[in-house]
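Listing of my_file-v4.pdb, PDB, C-alpha atoms
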ATOM      1  CA  LEU S   1      94.890  88.660  95.319
ATOM      2  CA  PHE S   2      91.438  89.119  96.890
ATOM      3  CA  GLN S   3      90.547  85.438  96.560
ATOM      4  CA  ALA S   4      93.882  84.152  97.899
ATOM      5  CA  VAL S   5      93.766  86.205 101.078
ATOM      6  CA  TRP S   6      90.004  85.788 101.408
ATOM      7  CA  ALA S   7      89.941  82.012 101.764
ATOM      8  CA  LYS S   8      92.549  82.166 104.501
ATOM      9  CA  ALA S   9      91.306  85.047 106.626
ATOM     10  CA  PHE S  10      87.633  85.801 106.318
ATOM     11  CA  GLN S  11      84.316  84.614 107.662
ATOM     12  CA  PRO S  12      81.463  87.154 107.843
ATOM     13  CA  SER S  13      80.455  88.314 111.294
ATOM     14  CA  SER S  14      77.242  87.855 113.193
ATOM     15  CA  PRO S  15      75.212  91.059 113.550
ATOM     16  CA  ASP S  16      75.790  93.068 116.713
ATOM     17  CA  SER S  17      72.622  94.227 118.460
ATOM     18  CA  ARG S  18      74.036  97.760 118.716
ATOM     19  CA  LEU S  19      74.454  98.098 114.948
ATOM     20  CA  HIS S  20      71.746  99.185 112.548
ATOM     21  CA  PRO S  21      71.551  96.919 109.469
ATOM     22  CA  CYS S  22      70.986  98.900 106.306
ATOM     23  CA  LEU S  23      69.406  97.373 103.203
ATOM     24  CA  ASN S  24      70.591 100.195 100.987
ATOM     25  CA  MET S  25      73.983 101.707 101.843
ATOM     26  CA  ARG S  26      76.124 103.950  99.696
ATOM     27  CA  LEU S  27      79.656 103.409 100.974
ATOM     28  CA  GLY S  28      82.640 105.431  99.834
ATOM     29  CA  VAL S  29      85.963 103.570  99.821
ATOM     30  CA  ILE S  30      89.245 105.457  99.503
ATOM     31  CA  GLY S  31      92.320 103.520  98.490
ATOM     32  CA  GLY S  32      95.943 104.480  98.964
ATOM     33  CA  SER S  33      99.171 102.521  99.081
ATOM     34  CA  SER S  34      97.298  99.770 100.947
ATOM     35  CA  LEU S  35      94.442  99.458  98.423
ATOM     36  CA  VAL S  36      95.858 100.486  95.082
ATOM     37  CA  SER S  37      92.913  99.112  93.104
ATOM     38  CA  PHE S  38      89.572  97.582  94.012
ATOM     39  CA  ASP S  39      88.093  94.977  91.690
ATOM     40  CA  PRO S  40      86.133  92.469  93.802
ATOM     41  CA  LYS S  41      84.493  89.470  92.127
ATOM     42  CA  ASP S  42      82.486  87.237  94.456
ATOM     43  CA  GLU S  43      83.685  88.392  97.886
ATOM     44  CA  PHE S  44      80.217  89.668  98.806
ATOM     45  CA  ARG S  45      78.288  86.513  97.915
ATOM     46  CA  CYS S  46      78.752  85.244 101.472
ATOM     47  CA  ILE S  47      76.227  87.906 102.559
ATOM     48  CA  GLY S  48      73.861  87.399  99.641
ATOM     49  CA  LEU S  49      75.191  90.093  97.304
ATOM     50  CA  ASP S  50      76.381  89.998  93.718
ATOM     51  CA  ILE S  51      78.055  92.808  91.813
ATOM     52  CA  VAL S  52      75.589  93.554  89.021
ATOM     53  CA  SER S  53      77.428  96.512  87.506
ATOM     54  CA  SER S  54      80.777  98.250  87.731
ATOM     55  CA  THR S  55      81.350 101.515  85.912
ATOM     56  CA  SER S  56      84.035 104.176  85.889
ATOM     57  CA  LYS S  57      82.963 107.788  86.135
ATOM     58  CA  VAL S  58      84.555 111.224  86.191
ATOM     59  CA  VAL S  59      82.862 113.478  88.746
ATOM     60  CA  GLN S  60      83.144 117.196  88.064
ATOM     61  CA  THR S  61      83.365 119.451  91.130
ATOM     62  CA  ASP S  62      84.128 123.121  91.694
ATOM     63  CA  TYR S  63      87.607 122.022  92.830
ATOM     64  CA  GLY S  64      88.503 119.694  89.965
ATOM     65  CA  SER S  65      87.543 116.377  88.378
ATOM     66  CA  VAL S  66      87.707 113.061  90.235
ATOM     67  CA  ASN S  67      87.848 109.513  88.890
ATOM     68  CA  VAL S  68      85.705 106.950  90.721
ATOM     69  CA  LYS S  69      84.507 103.403  90.208
ATOM     70  CA  ILE S  70      80.859 102.767  91.080
ATOM     71  CA  MET S  71      79.807  99.202  91.881
ATOM     72  CA  GLU S  72      76.162  98.221  92.350
ATOM     73  CA  LEU S  73      75.474  95.158  94.517
ATOM     74  CA  LYS S  74      72.120  93.381  94.720
ATOM     75  CA  GLY S  75      70.727  90.202  96.198
ATOM     76  CA  THR S  76      69.102  88.793  99.298
ATOM     77  CA  GLY S  77      71.419  91.048 101.323
ATOM     78  CA  GLY S  78      69.743  94.167  99.932
ATOM     79  CA  GLU S  79      70.912  96.726  97.395
ATOM     80  CA  HIS S  80      74.144  98.598  98.051
ATOM     81  CA  THR S  81      76.563 100.861  96.215
ATOM     82  CA  LEU S  82      80.324 100.934  96.644
ATOM     83  CA  ILE S  83      82.119 104.006  95.321
ATOM     84  CA  PHE S  84      85.880 103.516  95.082
ATOM     85  CA  MET S  85      88.371 106.350  94.771
ATOM     86  CA  GLN S  86      92.150 106.051  94.543
ATOM     87  CA  ARG S  87      93.497 109.185  96.254
ATOM     88  CA  HIS S  88      96.903 108.892  94.565
ATOM     89  CA  GLY S  89      95.518 108.352  91.068
ATOM     90  CA  HIS S  90      95.398 110.951  88.346
ATOM     91  CA  ALA S  91      94.457 111.093  84.695
ATOM     92  CA  ASN S  92      98.006 110.890  83.348
ATOM     93  CA  GLY S  93      98.947 107.797  85.305
ATOM     94  CA  GLY S  94     101.675 107.559  87.905
ATOM     95  CA  ILE S  95     101.278 108.368  91.591
ATOM     96  CA  THR S  96     100.099 111.754  92.824
ATOM     97  CA  PRO S  97     102.449 112.808  95.669
ATOM     98  CA  PRO S  98     100.786 113.187  99.089
ATOM     99  CA  HIS S  99     101.283 116.959  99.175
ATOM    100  CA  LYS S 100      99.686 117.343  95.711
ATOM    101  CA  ILE S 101      96.490 115.334  96.297
ATOM    102  CA  ASN S 102      93.360 117.353  95.558
ATOM    103  CA  HIS S 103      91.559 116.444  98.776
ATOM    104  CA  LYS S 104      88.902 119.130  98.343
ATOM    105  CA  ALA S 105      87.806 117.731  94.990
ATOM    106  CA  ASN S 106      87.955 114.137  96.269
ATOM    107  CA  MET S 107      85.760 114.704  99.325
ATOM    108  CA  ARG S 108      83.376 116.988  97.453
ATOM    109  CA  ALA S 109      82.901 114.303  94.801
ATOM    110  CA  LEU S 110      81.938 111.702  97.413
ATOM    111  CA  ALA S 111      79.567 114.170  99.036
ATOM    112  CA  ASP S 112      77.952 114.898  95.662
ATOM    113  CA  LEU S 113      77.540 111.142  95.159
ATOM    114  CA  LYS S 114      75.631 111.112  98.467
ATOM    115  CA  VAL S 115      77.624 108.470 100.300
ATOM    116  CA  ASP S 116      76.346 107.438 103.734
ATOM    117  CA  ALA S 117      79.875 106.956 105.062
ATOM    118  CA  ILE S 118      83.497 106.738 103.977
ATOM    119  CA  VAL S 119      86.036 104.066 104.863
ATOM    120  CA  ALA S 120      89.547 105.085 103.852
ATOM    121  CA  THR S 121      92.728 103.064 103.955
ATOM    122  CA  THR S 122      95.932 104.732 105.050
ATOM    123  CA  SER S 123      99.387 103.186 105.204
ATOM    124  CA  VAL S 124     101.365 104.311 108.231
ATOM    125  CA  GLY S 125     104.746 103.928 109.823
ATOM    126  CA  THR S 126     104.276 102.408 113.254
ATOM    127  CA  ILE S 127     105.977 103.889 116.298
ATOM    128  CA  VAL S 128     104.642 101.591 119.020
ATOM    129  CA  PRO S 129     105.921  97.999 119.322
ATOM    130  CA  HIS S 130     102.475  96.440 119.789
ATOM    131  CA  PHE S 131     101.334  97.485 116.286
ATOM    132  CA  PRO S 132     103.764  95.632 113.995
ATOM    133  CA  PRO S 133     103.808  95.898 110.182
ATOM    134  CA  GLY S 134     101.041  93.851 108.596
ATOM    135  CA  ARG S 135      98.444  94.665 111.251
ATOM    136  CA  VAL S 136      95.387  96.878 110.654
ATOM    137  CA  GLY S 137      93.712  99.231 113.158
ATOM    138  CA  VAL S 138      91.776 102.504 113.048
ATOM    139  CA  CYS S 139      92.582 106.161 113.679
ATOM    140  CA  ASN S 140      90.779 107.906 116.527
ATOM    141  CA  GLN S 141      92.819 111.145 116.858
ATOM    142  CA  PHE S 142      95.350 113.122 114.851
ATOM    143  CA  ILE S 143      98.161 115.639 115.321
ATOM    144  CA  ASP S 144      98.768 118.072 112.459
ATOM    145  CA  PHE S 145     101.693 120.480 112.724
ATOM    146  CA  THR S 146     102.279 120.720 108.956
ATOM    147  CA  GLY S 147     100.886 124.244 108.727
ATOM    148  CA  GLN S 148      99.046 123.358 105.521
ATOM    149  CA  VAL S 149      95.428 124.529 105.663
ATOM    150  CA  VAL S 150      92.686 122.505 103.982
ATOM    151  CA  THR S 151      89.143 123.893 104.186
ATOM    152  CA  TYR S 152      86.105 124.720 102.089
ATOM    153  CA  HIS S 153      85.746 128.019 103.955
ATOM    154  CA  ASP S 154      88.638 130.183 102.772
ATOM    155  CA  ASP S 155      86.444 133.232 102.173
ATOM    156  CA  ASP S 156      83.782 132.986 104.891
ATOM    157  CA  ALA S 157      85.171 131.512 108.104
ATOM    158  CA  LYS S 158      83.458 128.501 109.658
ATOM    159  CA  PHE S 159      85.045 126.910 112.724
ATOM    160  CA  THR S 160      84.530 123.153 112.647
ATOM    161  CA  SER S 161      84.672 120.870 115.671
ATOM    162  CA  VAL S 162      87.068 117.933 115.344
ATOM    163  CA  THR S 163      86.811 116.704 118.916
ATOM    164  CA  GLU S 164      85.996 113.327 117.373
ATOM    165  CA  PRO S 165      87.676 113.560 113.953
ATOM    166  CA  PHE S 166      86.947 109.922 113.092
ATOM    167  CA  HIS S 167      83.409 108.559 113.370
ATOM    168  CA  ARG S 168      83.039 106.758 116.691
ATOM    169  CA  HIS S 169      80.322 104.297 115.683
ATOM    170  CA  LEU S 170      81.888 103.510 112.336
ATOM    171  CA  ASN S 171      85.190 102.848 114.112
ATOM    172  CA  SER S 172      83.396 100.567 116.569
ATOM    173  CA  ALA S 173      81.935  98.484 113.749
ATOM    174  CA  LEU S 174      85.322  98.224 112.011
ATOM    175  CA  LEU S 175      87.073  97.220 115.234
ATOM    176  CA  GLN S 176      84.761  94.240 115.702
ATOM    177  CA  THR S 177      85.816  92.888 112.313
ATOM    178  CA  LEU S 178      89.495  93.718 112.791
ATOM    179  CA  ARG S 179      89.709  91.865 116.103
ATOM    180  CA  ARG S 180      87.901  88.817 114.753
ATOM    181  CA  VAL S 181      89.791  88.515 111.461
ATOM    182  CA  GLN S 182      93.215  89.221 112.973
ATOM    183  CA  ARG S 183      92.483  87.237 116.169
ATOM    184  CA  ILE S 184      93.392  90.182 118.407
ATOM    185  CA  GLU S 185      92.132  90.316 121.981
ATOM    186  CA  ALA S 186      90.117  93.250 123.315
ATOM    187  CA  ASP S 187      92.941  94.457 125.576
ATOM    188  CA  VAL S 188      95.343  94.985 122.645
ATOM    189  CA  GLN S 189      95.335  98.558 121.322
ATOM    190  CA  LEU S 190      93.907  99.003 117.824
ATOM    191  CA  GLU S 191      92.888 102.699 117.964
ATOM    192  CA  PHE S 192      95.677 105.135 117.264
ATOM    193  CA  THR S 193      96.665 108.777 117.093
ATOM    194  CA  VAL S 194      98.184 109.533 113.704
ATOM    195  CA  TRP S 195     100.899 112.128 113.188
ATOM    196  CA  LEU S 196     100.451 113.914 109.850
ATOM    197  CA  SER S 197     103.667 114.178 107.856
ATOM    198  CA  GLN S 198     103.892 116.471 104.858
ATOM    199  CA  GLY S 199     105.451 113.900 102.539
ATOM    200  CA  PRO S 200     106.681 112.728 100.154
ATOM    201  CA  TYR S 201     109.680 112.210 102.439
ATOM    202  CA  TYR S 202     109.402 109.703 105.234
ATOM    203  CA  GLU S 203     110.059 111.033 108.732
ATOM    204  CA  THR S 204     113.471 111.258 110.367
ATOM    205  CA  PRO S 205     114.088 109.287 113.583
ATOM    206  CA  ALA S 206     114.176 112.614 115.448
ATOM    207  CA  GLU S 207     110.750 113.566 114.088
ATOM    208  CA  VAL S 208     109.374 110.156 115.052
ATOM    209  CA  THR S 209     110.646 110.572 118.621
ATOM    210  CA  ALA S 210     109.106 114.054 118.808
ATOM    211  CA  ALA S 211     105.783 112.710 117.487
ATOM    212  CA  GLU S 212     105.776 109.949 120.069
ATOM    213  CA  ARG S 213     106.447 112.375 122.916
ATOM    214  CA  LEU S 214     103.472 114.417 121.760
ATOM    215  CA  GLY S 215     101.185 111.377 121.839
ATOM    216  CA  ALA S 216     101.347 109.879 118.351
ATOM    217  CA  HIS S 217     101.349 106.123 117.760
ATOM    218  CA  VAL S 218     101.743 106.099 113.957
ATOM    219  CA  CYS S 219     102.868 108.445 111.159
ATOM    220  CA  GLY S 220     100.944 108.998 107.908
ATOM    221  CA  MET S 221     100.686 111.474 105.043
ATOM    222  CA  THR S 222      97.047 111.695 103.917
ATOM    223  CA  CYS S 223      94.026 110.735 106.001
ATOM    224  CA  VAL S 224      94.072 113.718 108.372
ATOM    225  CA  ARG S 225      93.191 116.186 105.629
ATOM    226  CA  GLU S 226      90.363 113.948 104.466
ATOM    227  CA  ALA S 227      89.026 113.748 108.024
ATOM    228  CA  LYS S 228      89.014 117.543 108.340
ATOM    229  CA  LEU S 229      87.077 118.040 105.119
ATOM    230  CA  CYS S 230      84.600 115.289 105.982
ATOM    231  CA  ALA S 231      83.959 117.063 109.278
ATOM    232  CA  GLU S 232      83.108 120.211 107.334
ATOM    233  CA  LEU S 233      80.798 118.197 105.071
ATOM    234  CA  SER S 234      79.230 116.232 107.970
ATOM    235  CA  MET S 235      80.167 112.904 106.355
ATOM    236  CA  PRO S 236      80.957 109.938 108.648
ATOM    237  CA  TYR S 237      84.609 109.060 108.021
ATOM    238  CA  SER S 238      86.915 106.355 109.343
ATOM    239  CA  ALA S 239      90.454 105.438 108.367
ATOM    240  CA  LEU S 240      91.692 101.850 108.428
ATOM    241  CA  THR S 241      95.244 102.262 109.659
ATOM    242  CA  VAL S 242      97.537  99.807 107.882
ATOM    243  CA  ALA S 243     100.914  99.330 109.548
ATOM    244  CA  SER S 244     103.083  99.108 106.445
ATOM    245  CA  ASN S 245     106.489  99.631 108.055
ATOM    246  CA  TRP S 246     108.302 100.504 111.257
ATOM    247  CA  ALA S 247     108.706 104.266 111.509
ATOM    248  CA  ALA S 248     112.217 105.598 110.957
ATOM    249  CA  GLY S 249     114.554 104.510 113.732
ATOM    250  CA  ARG S 250     112.069 101.996 115.163
ATOM    251  CA  HIS S 251     112.934  98.810 113.267
ATOM    252  CA  PRO S 252     113.781  96.163 115.890
ATOM    253  CA  GLY S 253     117.490  95.464 115.825
ATOM    254  CA  ASP S 254     118.268  97.923 113.019
ATOM    255  CA  ALA S 255     117.511 101.537 113.933
ATOM    256  CA  ALA S 256     119.442 102.804 110.882
ATOM    257  CA  ARG S 257     117.449 100.787 108.349
ATOM    258  CA  ALA S 258     116.281 102.916 105.406
ATOM    259  CA  LEU S 259     112.631 102.899 104.374
ATOM    260  CA  ASP S 260     111.804 101.527 100.938
ATOM    261  CA  HIS S 261     108.471 102.322  99.269
ATOM    262  CA  ALA S 262     108.359  99.051  97.329
ATOM    263  CA  GLU S 263     108.678  97.125 100.587
ATOM    264  CA  VAL S 264     106.071  99.357 102.208
ATOM    265  CA  SER S 265     103.617  98.725  99.346
ATOM    266  CA  GLU S 266     104.214  94.977  99.450
ATOM    267  CA  THR S 267     103.439  94.819 103.164
ATOM    268  CA  SER S 268     100.311  96.942 102.689
ATOM    269  CA  ALA S 269      99.045  94.731  99.859
ATOM    270  CA  ARG S 270      98.991  91.711 102.166
ATOM    271  CA  THR S 271      96.224  93.339 104.223
ATOM    272  CA  THR S 272      93.693  93.403 101.369
ATOM    273  CA  GLY S 273      91.681  90.483 102.760
ATOM    274  CA  THR S 274      91.297  92.209 106.123
ATOM    275  CA  ILE S 275      90.191  95.447 104.480
ATOM    276  CA  VAL S 276      87.576  93.749 102.311
ATOM    277  CA  ALA S 277      86.294  91.799 105.337
ATOM    278  CA  CYS S 278      85.568  95.157 106.998
ATOM    279  CA  LEU S 279      83.573  96.308 103.973
ATOM    280  CA  VAL S 280      81.580  93.073 103.859
ATOM    281  CA  ASP S 281      80.654  93.354 107.533
ATOM    282  CA  LEU S 282      79.620  96.998 107.119
ATOM    283  CA  LEU S 283      77.260  96.127 104.272
ATOM    284  CA  LYS S 284      75.878  93.228 106.277
ATOM    285  CA  ASN S 285      75.498  94.863 109.693
ATOM    286  CA  GLY S 286      75.543  98.609 109.072
ATOM    287  CA  PHE S 287      76.762 100.947 111.803
ATOM    288  CA  ALA S 288      75.097 103.022 114.493
ATOM    289  CA  LYS S 289      74.081 106.346 112.996
ATOM    290  CA  ASP S 290      71.034 108.153 114.270
ATOM    291  CA  ALA S 291      69.180 111.399 113.757
ATOM    292  CA  GLU S 292      70.313 112.837 117.093
ATOM    293  CA  GLU S 293      73.963 112.570 116.093
ATOM    294  CA  ALA S 294      73.312 114.216 112.731
ATOM    295  CA  ALA S 295      71.344 117.024 114.383
ATOM    296  CA  ALA S 296      74.097 117.600 116.955
ATOM    297  CA  ARG S 297      76.730 117.819 114.214
ATOM    298  CA  GLN S 298      74.637 120.372 112.363
ATOM    299  CA  ALA S 299      73.954 122.368 115.532
ATOM    300  CA  ILE S 300      77.433 122.553 117.082
ATOM    301  CA  GLY S 301      79.831 121.252 114.437
ATOM    302  CA  LEU S 302      80.063 124.592 112.649
ATOM    303  CA  ILE S 303      80.399 127.698 114.841
ATOM    304  CA  ASP S 304      80.556 131.113 113.206
ATOM    305  CA  HIS S 305      82.707 133.091 115.633
ATOM    306  CA  THR S 306      81.915 136.351 113.832
ATOM    307  CA  SER S 307      78.477 136.179 115.485
ATOM    308  CA  LEU S 308      79.844 135.901 119.040
ATOM    309  CA  GLY S 309      80.086 138.884 121.366
ATOM    310  CA  ASP S 310      82.718 139.396 124.036
ATOM    311  CA  ASN S 311      80.546 137.726 126.680
ATOM    312  CA  ASP S 312      79.271 134.888 124.482
ATOM    313  CA  SER S 313      80.555 131.305 124.490
TER
END

Mind turning the file's structure into structure tokens?
Amino acid sequence: LFQAVWAKAFQPSSPDSRLHPCLNMRLGVIGGSSLVSFDPKDEFRCIGLDIVSSTSKVVQTDYGSVNVKIMELKGTGGEHTLIFMQRHGHANGGITPPHKINHKANMRALADLKVDAIVATTSVGTIVPHFPPGRVGVCNQFIDFTGQVVTYHDDDAKFTSVTEPFHRHLNSALLQTLRRVQRIEADVQLEFTVWLSQGPYYETPAEVTAAERLGAHVCGMTCVREAKLCAELSMPYSALTVASNWAAGRHPGDAARALDHAEVSETSARTTGTIVACLVDLLKNGFAKDAEEAAARQAIGLIDHTSLGDNDS
């Protein structure tokens, strides 16, 4: 599947002067319905990299065990590591439902493996007409009214800033690739607000309309919780937003059309070439990440309100 889509869609990008090439990146990759498995062969040779090893590993965390695949790449393009995790996978096979995913273990495992950044894929139902199924964008904001709390600070409160829940510079790097590969002009929206649905049900048309009125462009079931935990862990995180279907009630000409997961998965699978192109460009060009940003996240990202007096801010 990689090779078939690859030959049609991908040419590696030229470096952008704003990006910081990295000769040794550890990149976490999270797959979902739009990247069920990840077994690249020679897709990275175009930037001087060969996969020299690929091993499966079980990472033990305080929150549970996590299965990952670790791929080492070496060549004239440097030495890099890709760490792939399937968020819906579990030891007994089958598909872990969205509301049962152990996000705390998953994100802790990637942190323990010392990734420099995480690129996740998330299949979404699209609300807006200019983001049709089969297209890929990025998330830049979220709305979460599920009432389900996910945090590493259940016992000792830490209040984490999510003003920018998805990494701005990482998004910028991904957008360059997405526009080039999909031939999308700069004035076409590719950054979206995602509405978090509890799952495993799809949304009703009424819920989709409510989400749109509140500012959402797409509906998804997973990436928001990952983004929250990555904010707590100070890990750069971006979500490639894969339009896998029209949201309920939004299918052109057939508002009553039922959603079918097999059809959703088939549409998502056709975006594999675009997703891998983003990973290739990230390994080639890097992304803007500097010490000032890291220091600012450490300084103001976590605010312990128990230390504030009545006149403090």

Notebook entry, point to check: Exactly which residues make up the result of the PyMOL selection byres ((chain S and resi 189) around 10) on this file, given as a list of chain:residue names?
Noted result: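 Those residues are S:His130, S:Phe131, S:Gly137, S:Val138, S:Ile184, S:Glu185, S:Ala186, S:Asp187, S:Val188, S:Leu190, S:Glu191, S:Phe192.
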
Quick one: write out the picked residues with C-alpha atoms as a compact mmCIF listing (two decimals), keeping the file's coordinate frame?
# COMPACT_ATOMS: atom_id res chain seq x y z
CA HIS S 130 102.48 96.44 119.79
CA PHE S 131 101.33 97.48 116.29
CA GLY S 137 93.71 99.23 113.16
CA VAL S 138 91.78 102.50 113.05
CA ILE S 184 93.39 90.18 118.41
CA GLU S 185 92.13 90.32 121.98
CA ALA S 186 90.12 93.25 123.32
CA ASP S 187 92.94 94.46 125.58
CA VAL S 188 95.34 94.98 122.64
CA LEU S 190 93.91 99.00 117.82
CA GLU S 191 92.89 102.70 117.96
CA PHE S 192 95.68 105.14 117.26

Notebook entry, point to check: Mind telling me what the PyMOL selection byres ((chain S and resi 171) around 12) catches here, as a PyMOL selection string?
Noted result: chain S and resi 19+117-120+137-141+164-170+172-178+190-192+236-241+278+282+286-289

Next item on the list: Take the PyMOL selection byres ((chain S and resi 110) around 10), apply it to the structure above, and return the hits as an MDAnalysis selection string.
Entry: chainID S and resid 26:30 59 66 68 83:85 105:109 111:118 230 235

Next item on the list: Show me as an NGL selection string the residues that reach within 12 Å of (105.8, 114.6, 119.2), counting all atoms listed in the file and using the file's own coordinates.
Entry: :S and (127 or 142-145 or 193-197 or 203 or 205-219)

Next item on the list: Find the residue from S:Trp246, S:Tyr201, S:Phe159, S:Tyr152 that sits nearest to Tyr63 (chain S); use all atoms listed in the file when measuring.
Entry: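 Result for the nearest residue to Tyr63 (chain S): S:Tyr152.
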
Next item on the list: Considering all atoms listed in the file, state which residue in the set S:Ser33, S:Asn102, S:Thr163, S:Asn24 is at the smallest distance from His80 (chain S).
Entry: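 Of the candidates, the smallest distance to His80 (chain S) is held by S:Asn24.
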
Next item on the list: Could you give me, as a PyMOL selection string, the residues that have an atom at most 12 Å away from the point (75.3, 94.0, 93.2) in the coordinates of the file, using all atoms listed in the file?
Entry: chain S and resi 24-26+40-45+47-54+70-82+283

Checklist line | Selection near Arg135 (chain S), 8 Å with all atoms listed in the file, sequence-local residues under 6 positions removed, as a count of residues only | finding: 4

Notebook entry, point to check: Which residue, S:Gln86, S:Gly94, S:Ser244, S:Arg179, has the smallest gap to Arg270 (chain S) when you use only C-alpha atoms?
Noted result: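 The closest residue to Arg270 (chain S) is S:Ser244.
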
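CA of Gly64 (chain S) is found 12.8 Å from CA of Lys100 (chain S).
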
Check: For the atom pair CA of Cys46 (chain S) and CA of Asp281 (chain S), what is the interatomic distance in Å to one decimal place?
Finding: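 If I compute the distance from CA of Cys46 (chain S) to CA of Asp281 (chain S), I get 10.3 Å.
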
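The space separating CA of Pro97 (chain S) from CA of Val124 (chain S) comes to 15.2 Å.
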
Check: Which is closest to Asn67 (chain S) among S:Gly89, S:Gly253, S:Gly31, S:Gly147, if we use all atoms listed in the file?
Finding: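 When distances to Asn67 (chain S) are compared using all atoms listed in the file, the smallest one comes from S:Gly89.
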
With all atoms of region 113-119 of chain S from the file as input, state the centre and edge lengths in Å to one decimal of the axis-aligned box that has 6 Å extra on each side, as lines of an AutoDock Vina configuration file.
center_x = 80.8
center_y = 107.6
center_z = 100.1
size_x = 22.4
size_y = 19.1
size_z = 21.9

Checklist line | Nearest-residue call for Arg257 (chain S), choices S:Val36, S:Ala269, S:Gln198, S:Asn245, using all atoms listed in the file | finding: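 Once distances to Arg257 (chain S) are computed over all atoms listed in the file, the minimum belongs to S:Asn245.
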